[in-house]
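Let me begin by presenting the structure, written as structure tokens, before commenting on it.
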Amino acid sequence: MTYSPTRRPGQAPTRGQGQWALGYREPLNPNERMKKDSDGLEVRQRIIDIYSKAGFDSIDPGDLRGRMRWMGLYTQRAAGIPGGQTAVLEPEELEDSYFMLRVRIDGGQLSADQLRVIAGISTEFGRGVADVTDRQNVQLHWIRIEDVPEIWERLEAVGLSTTEACGDTPRVVLGCPLAGVLDDEVVDATAAIAETVEKYVGDPQFSNLPRKFKSSISGCSHHCTNHEINDVAFVGVRNAAGEVGYDLWVGGGLSTNPMFAQRLGVFVRPEQVSDVWAGVCAVFRDYGYRRSRTHARIKFLISDWGTEKFRQVLQDEYLHEALPDGPAPERPATDQRDHVGVARQVDGTNAVGFALHTGRIGGELLGTVADLADRFGAGRIRTTADQKLVILDVPDAHVEDLVTELAVHDLQVRPSAFRRGTMACTGIEFCKLAIVETKGRARTLTTELEQRLPDFDEPISINVNGCPNSCARFQTADIGFKGMVVRGDEGFQVHLGGHLGFESSIGRKLRGHKVTAEETADYVERVLRGYLEHREPGERFAAYAARADEEWLR
């Protein structure tokens with residue numbers, strides 16, 4: 001189905017915010033001109049036919065720093081450039097001749113064979129580096145353009161892809177890693193995700209959006225795909241008649257202007273999901289603000305329009321039918337969303353979730369995880385939206401053996417609160433936008449806190465971000481660190497008390513409060529000891545931070 005708006009009669013072109021549906025299609029910035037000159041999807045063939053043969057220096061700048069993202073490729077940051085130079089140097093001065101390659105894993109679903117292929121690519125082409133992201137993807141590094149066609153062949157042979165893993169496109173569709181196996185889920189979204197991806201990923205009608213478009217489709221009772229911060233999210237619900245379906249949320253996103261998604265108040269039946277998803281995406285494509293990149297996410301449109309107008313436009317101009325009113329999601333039994341630990345499956349086996357160190361895992365170890373999934377389960381692995389992994393289908397008799405085997409490789413099924421709750425983005429090691437190093441610092445911080453507070457067992461999220469773009473969601477963490485230069489050195493702006501859930505809140509930014517990288521462990525220890533001393537019975541850290549005296553939190 002083609003999704004285009006029903007044009008209003010007599011509608012005249014206007015410059016406005018560059019909204020296509022209002023008649024203005026002339027590009028308003030270099031990114032929009034780049035996309036008009038050549039669709040991002042068209043770069044694939046140039047990579048295969050030209051760039052992989054002629055090498056890095058042959059790549060057209062518009063492809064290198066623009067369209068290649070449509071194929072999951074970003075240039076890496078050149079080594080040795082300090083964070084203070086990030087906003088000073090030109091892109092060509094920051095970039096190396098190697099690429100980060102993002103493999104999209106819709107719904108977080110992998111087979112052991114697929115994971116082995118990713119592992120092999122990492123070890124053979126990527127210097128053994130791999131990162132499990134907080135959007136259920138796997139990112140590889142040190143990729144040469146000459147090797148990309150061979151990498152694509154290997155991925156596509158096992159049903160994987162990098163298409164639209166980046167760019168102004170529909171990015172990976174998040175899904176519950178335990179979809180279809182847990183008895184307390186509201187609805188199994190596996191089929192809805194597969195249908196949406198099959199119909200629309202790589203479709204030129206959605207390959208030129210105003211900005212990135214992040215989706216989640218989940219029936220998880222734990223709300224593990226963080227619907228509050230996705231551009232569009234389908235959340236499993238049961239209506240008054242007992243039917244299962246989805247509550248539709250639109251307009252979430254973080255970065256420099258964090259906003260939570262809002263409910264449209266409609267009930268979407270499972271068979272309607274892909275059409276409604278496409279309708280929301282088309283509203284964004286046609287009415288999204290293309291004039292300024294900083295104002296181009298769908299969250300700004302929903303903020304200006306409100307949910308009532310958005311729902312009306314979606315129904316009248318794109319779906320051509322009204323959606324019924326529907327209920328809000330029920331409160332989850334827990335706010336632990338990462339699926340770490342051992343969980344019973346409906347078939348009597350077990351899902352075993354385990355924590356990496358901030359998502360970083362080598363290619364060789366990915367291969368080991370694939371082998372363990374075959375040995376102790378049925379060869380099914382899942383990625384989570386919290387940089388974790390899960391092995392499914394483990395019989396009772398094998399659970400403790402698997403836990404032990406994973407621990408040998410420092411993959412923890414029963415991790416400390418700090419190991420479980422710490423995330424970090426790519427950071428200055430590879431990212432051209434970053435100001436500070438993140439992965440290693442977060443790992444050191446975790447180790448320090450485990451030694452200093454060995455008995456701390458409350459859930460705590462500590463998110464370490466290399467820049468303001470919030471790839472590691474620093475605004476929604478109990479303790480969020482945003483990378484910046486502090487007193488001439490690497491450091492962080494502190495955010496406290498962020499939380500997702502029924503009491504969602506953006507972390508409290510303490511005015512002018514910054515710490516150097518070396519001060520982070522001392523700071524976190526002091527704040528957490530204060531929490532343990534002054535908390536009310538049953539009070540979580542986010543609630544404590546919201547009421548605590550600011551001077552003490554400093």
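Residue numbers start at 1 in each chain; chains themselves are named A, B, ... in the order of the structure tokens; ligands are numbered from 1 in the order shown.
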Would you pick out the contacts of region 49-61 of chain A at 9 Å or less, using only C-alpha atoms, so that residues sharing its chain but fewer than 3 positions from it are not included, and give the list as a short mmCIF file (atom, residue, chain, number, x, y, z; two decimals) with C-alpha atoms, in the first residue's frame?
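Generated file (part_27.cif):
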data_model
loop_
_atom_site.label_atom_id
_atom_site.label_comp_id
_atom_site.auth_asym_id
_atom_site.auth_seq_id
_atom_site.Cartn_x
_atom_site.Cartn_y
_atom_site.Cartn_z
CA ARG A 44 24.41 0.36 -2.04
CA GLN A 45 25.15 -0.29 -5.69
CA ARG A 46 27.86 2.37 -5.80
CA LEU A 64 30.59 9.18 2.61
CA ARG A 65 29.04 11.50 5.18
CA GLY A 66 25.40 11.09 4.20
CA SER A 97 39.25 5.61 6.68
CA TYR A 98 37.47 2.84 8.61
CA ARG A 144 37.16 -1.32 5.37
CA ILE A 145 35.06 -0.28 2.40
CA GLU A 146 36.78 -2.97 0.33
CA ASP A 147 35.29 -5.67 2.58
CA VAL A 148 31.69 -4.40 2.73
CA PRO A 149 30.26 -6.42 -0.21
#
Given only C-alpha atoms, how would the per-residue table for region 127-158 of chain A near region 470-477 of chain A read, listing every residue at most 12 Å away with its closest atom pair and distance in Å to one decimal, sorted by chain and number, as a tab-separated table?
residue	atom	partner	partner_atom	distance
A:Val132	CA	A:Ala472	CA	12.0
A:Thr133	CA	A:Ala472	CA	8.8
A:Asp134	CA	A:Ala472	CA	7.1
A:Arg135	CA	A:Cys471	CA	9.2
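Distances from A:Val129, A:Val197, A:Val187, A:Ile506 to Pro258 (chain A) were compared using only C-alpha atoms, and the smallest one belongs to A:Ile506.
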As a PyMOL selection string, list the residues of region 92-277 of chain A assigned to strand (DSSP E) by DSSP on the backbone atoms of this structure. chain A and resi 95-103+109-111+129-132+138-143+170-174+213-218+232-238+244-250+262-268
Non-local contacts of region 282-293 of chain A (7 Å; only C-alpha atoms; under 6 positions in same chain excluded) as a VMD selection string: chain A and resid 3 to 4 17 to 21 28 to 29 209 to 210 301 314
Those same residues, written as a PDB file, in the first residue's frame with C-alpha atoms?
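Saved as again_17.pdb:
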ATOM      1  CA  TYR A   3       0.847   6.003   1.981  1.00  0.00           C
ATOM      2  CA  SER A   4       0.306   9.563   0.794  1.00  0.00           C
ATOM      3  CA  GLN A  17       9.043  24.381   8.095  1.00  0.00           C
ATOM      4  CA  GLY A  18       9.615  22.541   4.829  1.00  0.00           C
ATOM      5  CA  GLN A  19       6.616  20.262   5.257  1.00  0.00           C
ATOM      6  CA  TRP A  20       5.950  18.308   2.083  1.00  0.00           C
ATOM      7  CA  ALA A  21       2.221  18.017   2.707  1.00  0.00           C
ATOM      8  CA  LEU A  28      16.054  23.823   2.990  1.00  0.00           C
ATOM      9  CA  ASN A  29      19.432  22.531   4.181  1.00  0.00           C
ATOM     10  CA  LEU A 209      12.203  10.972   6.304  1.00  0.00           C
ATOM     11  CA  PRO A 210      12.939  14.318   7.987  1.00  0.00           C
ATOM     12  CA  LEU A 301       5.412  17.789  15.465  1.00  0.00           C
ATOM     13  CA  LEU A 314      -3.568   9.922  10.762  1.00  0.00           C
TER      14      LEU A 314
END
DSSP helix (DSSP H, G or I) selection over region 347-496 of chain A, as a VMD selection string: chain A and resid 363 to 376 396 to 408 417 to 421 439 to 452 474 to 476
Which neighbours of Val342 (chain A) fall inside 8 Å, counting only C-alpha atoms, when residues of the same chain fewer than 6 positions from it are skipped, and could you give them as a PDB file with N, CA and C atoms, in the first residue's frame?
ATOM      1  N   ASN A 350      13.767 -22.463  30.173  1.00  0.00           N
ATOM      2  CA  ASN A 350      14.110 -21.198  30.803  1.00  0.00           C
ATOM      3  C   ASN A 350      14.845 -20.254  29.849  1.00  0.00           C
ATOM      4  N   ALA A 351      14.609 -18.972  30.040  1.00  0.00           N
ATOM      5  CA  ALA A 351      15.378 -17.936  29.374  1.00  0.00           C
ATOM      6  C   ALA A 351      16.434 -17.447  30.350  1.00  0.00           C
ATOM      7  N   VAL A 352      17.682 -17.413  29.899  1.00  0.00           N
ATOM      8  CA  VAL A 352      18.794 -17.043  30.772  1.00  0.00           C
ATOM      9  C   VAL A 352      19.426 -15.767  30.218  1.00  0.00           C
ATOM     10  N   GLY A 353      19.178 -14.635  30.918  1.00  0.00           N
ATOM     11  CA  GLY A 353      19.702 -13.351  30.480  1.00  0.00           C
ATOM     12  C   GLY A 353      20.944 -12.975  31.253  1.00  0.00           C
ATOM     13  N   VAL A 413      24.949 -13.799  34.883  1.00  0.00           N
ATOM     14  CA  VAL A 413      23.509 -14.004  34.981  1.00  0.00           C
ATOM     15  C   VAL A 413      22.965 -13.392  36.266  1.00  0.00           C
TER      16      VAL A 413
END
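Take the candidates A:Pro82, A:Pro537, A:Lys36, A:Val172 and check each one against Gly488 (chain A) using only C-alpha atoms; the shortest distance goes to A:Pro82.
The environment of Pro468 (chain A) within 7 Å, counting only C-alpha atoms and disregarding residues fewer than 6 places along the same chain, consists of Ser255, Thr256 and Lys482 of chain A.
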Keeping only C-alpha atoms, write the selected residues as a JSON list (two decimals), in the first residue's frame.
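Saved to selection-v8.json:
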[["chain", "number", "residue", "atom", "x", "y", "z"],
["A", 255, "SER", "CA", 18.98, 14.09, 22.71],
["A", 256, "THR", "CA", 19.18, 17.84, 23.46],
["A", 482, "LYS", "CA", 26.82, 13.58, 29.81]]
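Residues lying within 7 Å of region 110-119 of chain A, counting only C-alpha atoms and ignoring same-chain neighbours fewer than 6 positions away, are Arg154, Leu155, Val158, Gly363, Glu364, Leu366, Gly367, Ala370, Ala373, Asp374, Gly379, Arg380, Ile381 and Arg382 of chain A.
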Writing out the chosen residues with N, CA, C and O atoms as an mmCIF file, in the first residue's frame:
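Result went into result-v2.cif, see below:
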data_model
loop_
_atom_site.group_PDB
_atom_site.id
_atom_site.type_symbol
_atom_site.label_atom_id
_atom_site.label_comp_id
_atom_site.auth_asym_id
_atom_site.auth_seq_id
_atom_site.Cartn_x
_atom_site.Cartn_y
_atom_site.Cartn_z
ATOM 1 N N ARG A 154 27.651 -12.327 3.435
ATOM 2 C CA ARG A 154 27.609 -13.257 4.573
ATOM 3 C C ARG A 154 26.382 -12.990 5.454
ATOM 4 O O ARG A 154 25.716 -13.939 5.908
ATOM 5 N N LEU A 155 26.088 -11.724 5.717
ATOM 6 C CA LEU A 155 24.923 -11.402 6.541
ATOM 7 C C LEU A 155 23.627 -11.822 5.856
ATOM 8 O O LEU A 155 22.753 -12.444 6.477
ATOM 9 N N VAL A 158 22.290 -15.406 5.852
ATOM 10 C CA VAL A 158 21.616 -15.934 7.044
ATOM 11 C C VAL A 158 20.444 -15.042 7.465
ATOM 12 O O VAL A 158 19.963 -15.117 8.596
ATOM 13 N N GLY A 363 34.369 -10.432 19.090
ATOM 14 C CA GLY A 363 33.805 -11.350 18.110
ATOM 15 C C GLY A 363 33.983 -12.802 18.516
ATOM 16 O O GLY A 363 33.083 -13.630 18.351
ATOM 17 N N GLU A 364 35.141 -13.137 19.062
ATOM 18 C CA GLU A 364 35.379 -14.514 19.491
ATOM 19 C C GLU A 364 34.392 -14.934 20.569
ATOM 20 O O GLU A 364 33.857 -16.057 20.546
ATOM 21 N N LEU A 366 31.397 -13.653 21.043
ATOM 22 C CA LEU A 366 30.081 -13.831 20.416
ATOM 23 C C LEU A 366 29.935 -15.241 19.874
ATOM 24 O O LEU A 366 28.870 -15.862 19.983
ATOM 25 N N GLY A 367 30.990 -15.758 19.265
ATOM 26 C CA GLY A 367 30.953 -17.139 18.777
ATOM 27 C C GLY A 367 30.770 -18.134 19.910
ATOM 28 O O GLY A 367 30.052 -19.139 19.763
ATOM 29 N N ALA A 370 27.153 -18.213 20.887
ATOM 30 C CA ALA A 370 26.395 -19.018 19.926
ATOM 31 C C ALA A 370 26.555 -20.505 20.226
ATOM 32 O O ALA A 370 25.578 -21.275 20.184
ATOM 33 N N ALA A 373 24.522 -21.426 23.245
ATOM 34 C CA ALA A 373 23.090 -21.482 22.945
ATOM 35 C C ALA A 373 22.730 -22.800 22.279
ATOM 36 O O ALA A 373 21.643 -23.346 22.513
ATOM 37 N N ASP A 374 23.605 -23.323 21.448
ATOM 38 C CA ASP A 374 23.378 -24.645 20.857
ATOM 39 C C ASP A 374 23.536 -25.759 21.886
ATOM 40 O O ASP A 374 22.755 -26.720 21.915
ATOM 41 N N GLY A 379 19.565 -23.039 20.344
ATOM 42 C CA GLY A 379 20.216 -22.174 19.375
ATOM 43 C C GLY A 379 19.513 -20.852 19.139
ATOM 44 O O GLY A 379 19.660 -20.259 18.072
ATOM 45 N N ARG A 380 18.774 -20.379 20.138
ATOM 46 C CA ARG A 380 18.108 -19.083 19.999
ATOM 47 C C ARG A 380 18.699 -18.092 20.997
ATOM 48 O O ARG A 380 18.759 -18.371 22.191
ATOM 49 N N ILE A 381 19.125 -16.927 20.465
ATOM 50 C CA ILE A 381 19.716 -15.867 21.280
ATOM 51 C C ILE A 381 18.927 -14.600 21.047
ATOM 52 O O ILE A 381 18.397 -14.371 19.955
ATOM 53 N N ARG A 382 18.832 -13.764 22.086
ATOM 54 C CA ARG A 382 18.117 -12.499 21.954
ATOM 55 C C ARG A 382 18.989 -11.359 22.482
ATOM 56 O O ARG A 382 19.716 -11.518 23.464
#
Residue contacts of region 179-181 of chain A (7 Å, only C-alpha atoms) excluding same-chain residues fewer than 3 positions away, as a VMD selection string: chain A and resid 176 188 to 190 345 to 346
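Nearest-residue note for Cys281 (chain A): choosing from A:Phe234, A:Phe260, A:Phe213, A:Tyr246, the minimum distance belongs to A:Phe213, counting only C-alpha atoms.
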Enumerate, in order of chain and increasing residue number, the residues of region 160-224 of chain A with an atom no farther than 10 Å from region 236-243 of chain A, each with its shortest atom pair and distance in Å to one decimal, counting only C-alpha atoms, as CSV.
residue,atom,partner,partner_atom,distance
A:Glu185,CA,A:Gly236,CA,8.1
A:Val186,CA,A:Gly236,CA,5.5
A:Val187,CA,A:Gly236,CA,5.9
A:Asp188,CA,A:Gly236,CA,8.6
A:Ala189,CA,A:Gly236,CA,8.4
A:Ile217,CA,A:Gly236,CA,8.2
A:Ser218,CA,A:Gly236,CA,6.1
A:Gly219,CA,A:Gly236,CA,4.0
A:Cys220,CA,A:Gly236,CA,6.7
A:Ser221,CA,A:Gly236,CA,7.6
A:His223,CA,A:Gly236,CA,8.7
What would the file look like if the residues just selected were written as an mmCIF file, in the first residue's frame with N, CA and C atoms?
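Now in part.cif:
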data_model
loop_
_atom_site.group_PDB
_atom_site.id
_atom_site.type_symbol
_atom_site.label_atom_id
_atom_site.label_comp_id
_atom_site.auth_asym_id
_atom_site.auth_seq_id
_atom_site.Cartn_x
_atom_site.Cartn_y
_atom_site.Cartn_z
ATOM 1 N N GLU A 185 3.232 -12.260 29.124
ATOM 2 C CA GLU A 185 3.169 -11.205 28.120
ATOM 3 C C GLU A 185 1.715 -10.974 27.710
ATOM 4 N N VAL A 186 1.422 -9.760 27.315
ATOM 5 C CA VAL A 186 0.065 -9.411 26.912
ATOM 6 C C VAL A 186 -0.239 -9.972 25.534
ATOM 7 N N VAL A 187 0.708 -9.802 24.600
ATOM 8 C CA VAL A 187 0.521 -10.285 23.238
ATOM 9 C C VAL A 187 1.901 -10.508 22.635
ATOM 10 N N ASP A 188 2.026 -11.544 21.824
ATOM 11 C CA ASP A 188 3.271 -11.848 21.137
ATOM 12 C C ASP A 188 3.360 -10.979 19.883
ATOM 13 N N ALA A 189 4.327 -10.071 19.855
ATOM 14 C CA ALA A 189 4.445 -9.116 18.750
ATOM 15 C C ALA A 189 5.360 -9.602 17.636
ATOM 16 N N ILE A 217 7.590 -2.313 18.942
ATOM 17 C CA ILE A 217 6.327 -3.054 18.896
ATOM 18 C C ILE A 217 6.476 -4.199 19.884
ATOM 19 N N SER A 218 5.751 -4.134 20.984
ATOM 20 C CA SER A 218 5.982 -5.108 22.041
ATOM 21 C C SER A 218 4.731 -5.364 22.863
ATOM 22 N N GLY A 219 4.566 -6.613 23.235
ATOM 23 C CA GLY A 219 3.508 -6.979 24.168
ATOM 24 C C GLY A 219 4.047 -7.367 25.520
ATOM 25 N N CYS A 220 5.288 -6.985 25.812
ATOM 26 C CA CYS A 220 5.941 -7.370 27.060
ATOM 27 C C CYS A 220 5.281 -6.703 28.257
ATOM 28 N N SER A 221 5.018 -7.475 29.282
ATOM 29 C CA SER A 221 4.393 -6.914 30.484
ATOM 30 C C SER A 221 5.377 -6.096 31.306
ATOM 31 N N HIS A 223 7.380 -3.883 29.810
ATOM 32 C CA HIS A 223 7.615 -2.675 28.995
ATOM 33 C C HIS A 223 9.098 -2.514 28.669
#
Minimum-distance residue to Leu449 (chain A), chosen among A:His499, A:Arg526, A:Arg127, A:Arg211 (using only C-alpha atoms): A:Arg526
